[in-house]
$ cat final.csv   # CSV, C-alpha atoms
chain,number,residue,atom,x,y,z
A,1,MET,CA,0.0,0.0,0.0
A,2,THR,CA,1.4,3.4,-1.0
A,3,VAL,CA,1.6,6.3,1.4
A,4,ALA,CA,-1.0,8.2,-0.7
A,5,THR,CA,-3.4,5.2,-0.6
A,6,GLN,CA,-3.0,4.8,3.1
A,7,SER,CA,-3.6,8.5,3.7
A,8,SER,CA,-6.8,8.3,1.6
A,9,LEU,CA,-7.9,5.2,3.6
A,10,LEU,CA,-7.2,7.0,6.8
A,11,HIS,CA,-9.3,10.0,5.7
A,12,GLU,CA,-12.3,7.6,5.2
A,13,ILE,CA,-11.8,5.8,8.5
A,14,LEU,CA,-11.6,9.1,10.4
A,15,ALA,CA,-15.3,9.8,9.8
A,16,GLY,CA,-16.9,10.0,13.2
A,17,VAL,CA,-13.6,9.7,15.0
A,18,ASP,CA,-12.5,12.4,17.5
A,19,THR,CA,-9.4,10.7,19.0
A,20,VAL,CA,-6.8,8.5,17.3
A,21,VAL,CA,-4.8,6.3,19.7
A,22,PHE,CA,-1.5,5.0,18.4
A,23,ASP,CA,0.4,1.9,19.5
A,24,VAL,CA,4.1,2.5,20.2
A,25,VAL,CA,6.5,-0.3,19.4
A,26,GLY,CA,6.4,-1.2,15.7
A,27,THR,CA,4.0,1.7,15.0
A,28,LEU,CA,5.7,5.0,16.1
A,29,LEU,CA,9.0,3.6,17.4
A,30,LYS,CA,11.3,0.7,16.8
A,31,PRO,CA,14.4,-0.5,18.7
A,32,ALA,CA,17.7,0.8,17.4
A,33,PRO,CA,19.6,-1.5,17.3
A,34,SER,CA,17.1,-4.4,17.0
A,35,VAL,CA,16.1,-6.4,20.0
A,36,SER,CA,18.3,-9.3,19.0
A,37,GLU,CA,21.3,-7.1,18.4
A,38,ALA,CA,20.8,-5.3,21.7
A,39,TYR,CA,20.6,-8.6,23.5
A,40,LYS,CA,23.8,-9.8,21.8
A,41,LYS,CA,25.7,-6.7,22.6
A,42,SER,CA,24.6,-6.8,26.3
A,43,ALA,CA,25.4,-10.4,26.6
A,44,GLU,CA,28.9,-9.9,25.3
A,45,LYS,CA,29.6,-7.3,28.0
A,46,PHE,CA,29.3,-10.2,30.5
A,47,GLY,CA,31.1,-12.9,28.6
A,48,CYS,CA,28.2,-14.6,27.0
A,49,SER,CA,28.3,-15.2,23.2
A,50,MET,CA,25.3,-16.1,21.2
A,51,SER,CA,24.3,-15.4,17.5
A,52,VAL,CA,21.7,-12.9,16.6
A,53,GLY,CA,19.7,-15.7,14.9
A,54,GLU,CA,19.7,-17.9,18.0
A,55,ILE,CA,18.7,-14.9,20.2
A,56,ALA,CA,15.8,-14.0,17.9
A,57,GLN,CA,14.6,-17.6,17.9
A,58,ARG,CA,14.8,-18.0,21.7
A,59,PHE,CA,13.3,-14.5,22.3
A,60,SER,CA,10.3,-15.4,20.1
A,61,ILE,CA,9.7,-18.6,22.1
A,62,ALA,CA,10.2,-16.8,25.5
A,63,TRP,CA,7.8,-14.0,24.4
A,64,GLU,CA,5.1,-16.4,23.4
A,65,ARG,CA,5.5,-18.3,26.7
A,66,GLN,CA,4.8,-15.1,28.7
A,67,GLU,CA,1.9,-14.2,26.4
A,68,SER,CA,0.4,-17.6,27.1
A,69,LEU,CA,0.8,-17.2,30.8
A,70,ASP,CA,-1.0,-13.9,30.7
A,71,ALA,CA,-3.8,-15.4,28.7
A,72,GLN,CA,-4.3,-18.1,31.3
A,73,ASN,CA,-4.6,-15.5,34.1
A,74,LYS,CA,-8.0,-15.1,35.8
A,75,PRO,CA,-8.9,-12.6,34.5
A,76,ALA,CA,-6.8,-12.8,31.3
A,77,PHE,CA,-4.1,-10.2,30.6
A,78,ILE,CA,-4.4,-8.4,34.0
A,79,THR,CA,-1.1,-6.7,34.8
A,80,HIS,CA,0.8,-4.3,37.0
A,81,ARG,CA,4.3,-2.8,37.3
A,82,ARG,CA,5.8,-5.8,39.0
A,83,ARG,CA,4.3,-8.2,36.5
A,84,GLU,CA,5.8,-6.3,33.6
A,85,TYR,CA,9.2,-6.2,35.3
A,86,ASP,CA,9.1,-9.9,36.0
A,87,ARG,CA,7.9,-10.6,32.4
A,88,TRP,CA,11.0,-9.0,30.9
A,89,ARG,CA,13.3,-10.6,33.5
A,90,GLN,CA,12.0,-14.1,32.7
A,91,ILE,CA,12.2,-13.5,28.9
A,92,VAL,CA,15.9,-12.5,29.3
A,93,PHE,CA,16.5,-15.5,31.6
A,94,ASP,CA,14.9,-17.8,29.0
A,95,VAL,CA,17.0,-16.4,26.2
A,96,PHE,CA,20.2,-16.7,28.3
A,97,GLU,CA,19.3,-19.7,30.5
A,98,ALA,CA,22.8,-21.2,30.3
A,99,SER,CA,24.5,-18.0,31.3
A,100,PRO,CA,25.4,-17.3,35.0
A,101,ALA,CA,25.4,-13.6,34.0
A,102,ALA,CA,21.6,-13.6,33.2
A,103,ASP,CA,20.9,-11.2,36.1
A,104,LYS,CA,23.5,-8.7,34.9
A,105,ILE,CA,22.3,-9.0,31.3
A,106,PHE,CA,18.7,-8.3,32.4
A,107,ASP,CA,19.7,-5.2,34.5
A,108,ASP,CA,21.7,-3.9,31.5
A,109,LEU,CA,18.9,-4.4,29.1
A,110,TRP,CA,16.2,-2.9,31.4
A,111,ILE,CA,18.2,0.3,31.5
A,112,HIS,CA,19.0,0.1,27.7
A,113,PHE,CA,15.4,0.0,26.6
A,114,GLY,CA,14.4,2.8,28.9
A,115,GLN,CA,16.8,5.2,27.1
A,116,PRO,CA,15.7,7.5,24.3
A,117,SER,CA,18.9,6.7,22.3
A,118,SER,CA,17.7,3.0,22.1
A,119,TRP,CA,14.7,3.9,19.9
A,120,GLN,CA,14.1,5.5,16.5
A,121,PRO,CA,10.9,6.7,14.8
A,122,VAL,CA,8.9,4.5,12.4
A,123,ASP,CA,8.5,6.7,9.3
A,124,GLN,CA,5.1,5.4,8.2
A,125,GLY,CA,3.6,5.7,11.7
A,126,CYS,CA,5.0,9.2,12.1
A,127,ARG,CA,3.5,10.3,8.7
A,128,LEU,CA,0.1,9.0,9.8
A,129,LEU,CA,0.4,10.9,13.1
A,130,GLU,CA,1.1,14.1,11.2
A,131,THR,CA,-1.8,13.4,8.9
A,132,VAL,CA,-4.2,13.0,11.8
A,133,ARG,CA,-2.9,16.2,13.4
A,134,GLU,CA,-3.5,18.0,10.1
A,135,PHE,CA,-7.1,17.0,10.3
A,136,GLY,CA,-7.3,18.6,13.7
A,137,ILE,CA,-8.0,15.3,15.5
A,138,GLU,CA,-6.8,14.6,19.0
A,139,VAL,CA,-4.1,12.0,19.4
A,140,ALA,CA,-3.0,9.7,22.3
A,141,VAL,CA,-0.7,6.7,22.8
A,142,ALA,CA,-1.6,3.4,24.4
A,143,SER,CA,0.9,0.5,24.5
A,144,ASN,CA,1.8,-2.8,26.1
A,145,PHE,CA,4.7,-1.2,27.8
A,146,ASP,CA,5.7,-0.6,31.4
A,147,GLU,CA,6.3,2.6,33.3
A,148,ARG,CA,9.5,3.3,31.5
A,149,LEU,CA,7.3,4.6,28.6
A,150,LEU,CA,6.2,7.6,30.7
A,151,GLU,CA,9.7,9.0,31.1
A,152,LEU,CA,10.8,7.8,27.6
A,153,ALA,CA,7.9,9.7,26.0
A,154,LYS,CA,9.2,13.0,27.4
A,155,HIS,CA,12.4,12.8,25.4
A,156,VAL,CA,11.9,10.8,22.2
A,157,GLU,CA,10.2,11.9,18.9
A,158,PRO,CA,7.4,11.7,18.1
A,159,LEU,CA,6.1,10.8,21.6
A,160,ASN,CA,7.3,14.0,23.2
A,161,GLY,CA,4.6,15.9,21.3
A,162,ILE,CA,1.8,13.8,22.7
A,163,GLU,CA,0.2,14.7,26.0
A,164,LYS,CA,-1.8,11.5,26.7
A,165,ILE,CA,0.4,8.5,27.1
A,166,PHE,CA,-1.0,5.2,28.5
A,167,ALA,CA,1.1,2.2,29.4
A,168,SER,CA,-0.4,-1.2,30.2
A,169,SER,CA,1.4,-1.4,33.6
A,170,GLU,CA,-0.4,1.8,34.6
A,171,LEU,CA,-3.8,0.8,33.1
A,172,GLY,CA,-3.7,-2.6,34.8
A,173,TRP,CA,-4.4,-4.5,31.6
A,174,ARG,CA,-2.5,-5.6,28.5
A,175,LYS,CA,-3.9,-5.8,25.0
A,176,PRO,CA,-5.8,-7.7,23.8
A,177,ALA,CA,-7.9,-7.5,27.0
A,178,PRO,CA,-11.1,-5.5,26.4
A,179,GLN,CA,-10.4,-3.9,29.8
A,180,PHE,CA,-7.3,-2.3,28.3
A,181,PHE,CA,-9.5,-0.4,25.8
A,182,GLN,CA,-12.1,0.4,28.4
A,183,ALA,CA,-9.4,1.9,30.7
A,184,VAL,CA,-8.3,4.1,27.8
A,185,GLU,CA,-11.9,5.1,27.1
A,186,SER,CA,-12.3,6.1,30.8
A,187,ARG,CA,-9.2,8.2,30.9
A,188,LEU,CA,-10.0,9.9,27.6
A,189,GLN,CA,-13.7,10.2,28.5
A,190,LYS,CA,-14.7,8.9,25.1
A,191,GLU,CA,-17.1,6.4,23.7
A,192,PRO,CA,-15.6,3.4,21.9
A,193,GLU,CA,-17.1,4.3,18.5
A,194,SER,CA,-15.4,7.7,18.5
A,195,LEU,CA,-11.9,6.1,18.9
A,196,LEU,CA,-9.5,4.7,16.3
A,197,LEU,CA,-6.5,2.6,17.1
A,198,ILE,CA,-3.5,2.6,14.7
A,199,GLY,CA,-1.1,-0.2,15.2
A,200,ASP,CA,1.0,-2.9,13.6
A,201,ASP,CA,-0.1,-6.1,15.3
A,202,PRO,CA,-3.0,-8.0,13.7
A,203,ARG,CA,-4.1,-9.6,16.9
A,204,LEU,CA,-3.1,-7.3,19.7
A,205,ASP,CA,-4.0,-4.1,17.9
A,206,ILE,CA,-6.4,-4.6,15.0
A,207,ALA,CA,-8.6,-7.5,16.1
A,208,ALA,CA,-8.6,-6.5,19.8
A,209,ALA,CA,-9.6,-2.9,19.0
A,210,LYS,CA,-12.4,-4.1,16.8
A,211,ALA,CA,-13.6,-6.5,19.4
A,212,ALA,CA,-13.7,-3.6,21.9
A,213,GLY,CA,-15.9,-1.6,19.6
A,214,TRP,CA,-13.2,0.8,18.3
A,215,LYS,CA,-12.2,1.4,14.7
A,216,SER,CA,-8.8,0.2,13.8
A,217,MET,CA,-6.2,0.6,11.1
A,218,ARG,CA,-3.0,-1.4,10.6
A,219,ILE,CA,0.1,0.3,9.3
A,220,ALA,CA,1.3,-1.5,6.1
$ encode --input "final.csv" --output "structure tokens"
Amino acid sequence: MTVATQSSLLHEILAGVDTVVFDVVGTLLKPAPSVSEAYKKSAEKFGCSMSVGEIAQRFSIAWERQESLDAQNKPAFITHRRREYDRWRQIVFDVFEASPAADKIFDDLWIHFGQPSSWQPVDQGCRLLETVREFGIEVAVASNFDERLLELAKHVEPLNGIEKIFASSELGWRKPAPQFFQAVESRLQKEPESLLLIGDDPRLDIAAAKAAGWKSMRIA
């Protein structure tokens, strides 16, 4: 899909919308360097050597394991600050399970991903953000992120131009839980039909937003 086509599609979708909520990772920001490269670099500081390919594979498995655990919660996908910290700690431990330095690697990575220099803008998401603003429509951010996002958003483009920033650890729910979207509605004081979520994940963003009664749009 070309930029012009997506802009035209956005114009159509915006009918009846008074707030556009953007996802963060993969939509407005992406890790720089990549997650696997950052993990490799951190591990090497503490004498652990692993290829980017192996890290990527192990990370994917570890991530899905944590998603599955959250889905099995009663209620599903409930969260809080400690849970998000423990989630990332366990993911790192699963990736580097044979390393005695896993604790140090985790501490290093926790700091790394909380730094503005570890992220860069996603061009397409930023263009859509500017288009929404040109239409005079309010924007917000809602992400499956922890409290680090709140400080990060003050210092990194394009988040530092957005006033309303919502992280799952602060909302108490992770996408795709309907309660995540209801919490955002409550804080924005908006009805679901007046909200549009723009994201990159077919399940966590697009399908979940539609199920919650929002409009949704996936960046190509």
$ residues_around --input "final.csv" --residues "range 59-69 of chain A" --least-positions-apart "4" --cutoff "6 Å" --atoms "all atoms listed in the file" --output "NGL selection string"
:A and (55 or 91 or 94-95)
$ residues_near_point --input "final.csv" --point "(2.0, -5.3, 6.9)" --cutoff "12 Å" --atoms "only C-alpha atoms" --output "ChimeraX atom specification"
/A:1-2,6,26-27,124,199-202,206,217-220
$ write_last_selection --input "final.csv" --atoms "C-alpha atoms" --output "mmCIF file, in the frame of the given file"
data_model
loop_
_atom_site.group_PDB
_atom_site.id
_atom_site.type_symbol
_atom_site.label_atom_id
_atom_site.label_comp_id
_atom_site.auth_asym_id
_atom_site.auth_seq_id
_atom_site.Cartn_x
_atom_site.Cartn_y
_atom_site.Cartn_z
ATOM 1 C CA MET A 1 0.000 0.000 0.000
ATOM 2 C CA THR A 2 1.400 3.400 -1.000
ATOM 3 C CA GLN A 6 -3.000 4.800 3.100
ATOM 4 C CA GLY A 26 6.400 -1.200 15.700
ATOM 5 C CA THR A 27 4.000 1.700 15.000
ATOM 6 C CA GLN A 124 5.100 5.400 8.200
ATOM 7 C CA GLY A 199 -1.100 -0.200 15.200
ATOM 8 C CA ASP A 200 1.000 -2.900 13.600
ATOM 9 C CA ASP A 201 -0.100 -6.100 15.300
ATOM 10 C CA PRO A 202 -3.000 -8.000 13.700
ATOM 11 C CA ILE A 206 -6.400 -4.600 15.000
ATOM 12 C CA MET A 217 -6.200 0.600 11.100
ATOM 13 C CA ARG A 218 -3.000 -1.400 10.600
ATOM 14 C CA ILE A 219 0.100 0.300 9.300
ATOM 15 C CA ALA A 220 1.300 -1.500 6.100
#
$ residues_near_point --input "final.csv" --point "(24.5, -10.8, 28.8)" --cutoff "8 Å" --atoms "all atoms listed in the file" --output "ChimeraX atom specification"
/A:39-48,96,99,101-102,104-106,108
$ write_last_selection --input "final.csv" --atoms "C-alpha atoms" --output "PDB file, keeping the file's coordinate frame"
ATOM      1  CA  TYR A  39      20.600  -8.600  23.500  1.00  0.00           C
ATOM      2  CA  LYS A  40      23.800  -9.800  21.800  1.00  0.00           C
ATOM      3  CA  LYS A  41      25.700  -6.700  22.600  1.00  0.00           C
ATOM      4  CA  SER A  42      24.600  -6.800  26.300  1.00  0.00           C
ATOM      5  CA  ALA A  43      25.400 -10.400  26.600  1.00  0.00           C
ATOM      6  CA  GLU A  44      28.900  -9.900  25.300  1.00  0.00           C
ATOM      7  CA  LYS A  45      29.600  -7.300  28.000  1.00  0.00           C
ATOM      8  CA  PHE A  46      29.300 -10.200  30.500  1.00  0.00           C
ATOM      9  CA  GLY A  47      31.100 -12.900  28.600  1.00  0.00           C
ATOM     10  CA  CYS A  48      28.200 -14.600  27.000  1.00  0.00           C
ATOM     11  CA  PHE A  96      20.200 -16.700  28.300  1.00  0.00           C
ATOM     12  CA  SER A  99      24.500 -18.000  31.300  1.00  0.00           C
ATOM     13  CA  ALA A 101      25.400 -13.600  34.000  1.00  0.00           C
ATOM     14  CA  ALA A 102      21.600 -13.600  33.200  1.00  0.00           C
ATOM     15  CA  LYS A 104      23.500  -8.700  34.900  1.00  0.00           C
ATOM     16  CA  ILE A 105      22.300  -9.000  31.300  1.00  0.00           C
ATOM     17  CA  PHE A 106      18.700  -8.300  32.400  1.00  0.00           C
ATOM     18  CA  ASP A 108      21.700  -3.900  31.500  1.00  0.00           C
TER      19      ASP A 108
END
$ closest_residue --input "final.csv" --among "A:Ser216, A:Gln57, A:Asn144, A:Ser36" --to "Ile13 in chain A" --atoms "only C-alpha atoms"
A:Ser216
$ closest_residue --input "final.csv" --among "A:Ser34, A:Thr19, A:Ser186, A:Ser194" --to "Trp214 in chain A" --atoms "all atoms listed in the file"
A:Ser194
$ atom_distance --input "final.csv" --atom1 "CA of Ile162 in chain A" --atom2 "CA of Arg83 in chain A"
26.1 Å
$ atom_distance --input "final.csv" --atom1 "CA of Ala71 in chain A" --atom2 "CA of Phe145 in chain A"
16.6 Å
$ residues_around --input "final.csv" --residues "range 131-136 of chain A" --least-positions-apart "4" --cutoff "10 Å" --atoms "only C-alpha atoms" --output "ChimeraX atom specification"
/A:7,10-11,14,18-20,125-127
$ residues_around --input "final.csv" --residues "Leu188 in chain A" --least-positions-apart "4" --cutoff "9 Å" --atoms "all atoms listed in the file" --output "ChimeraX atom specification"
/A:19,140,164,183-184
$ residues_around --input "final.csv" --residues "Gly172 in chain A" --least-positions-apart "4" --cutoff "8 Å" --atoms "only C-alpha atoms" --output "ChimeraX atom specification"
/A:78-80,168,180
$ closest_residue --input "final.csv" --among "A:Ser51, A:Ser117, A:Ser169, A:Ser8" --to "Arg87 in chain A" --atoms "only C-alpha atoms"
A:Ser169
$ residues_around --input "final.csv" --residues "Asn160 in chain A" --least-positions-apart "5" --cutoff "12 Å" --atoms "all atoms listed in the file" --output "PyMOL selection string"
chain A and resi 28+116+121+140-141+149-155+165
$ closest_residue --input "final.csv" --among "A:Phe181, A:Arg82, A:Asp146, A:Leu109" --to "Ala167 in chain A" --atoms "all atoms listed in the file"
A:Asp146
$ atom_distance --input "final.csv" --atom1 "CA of Leu171 in chain A" --atom2 "CA of Ala32 in chain A"
26.6 Å
$ closest_residue --input "final.csv" --among "A:Glu147, A:Glu97, A:Asp103, A:Glu170" --to "Arg58 in chain A" --atoms "all atoms listed in the file"
A:Glu97
$ closest_residue --input "final.csv" --among "A:Leu9, A:Leu159, A:Ala76, A:Leu129" --to "Leu29 in chain A" --atoms "all atoms listed in the file"
A:Leu159
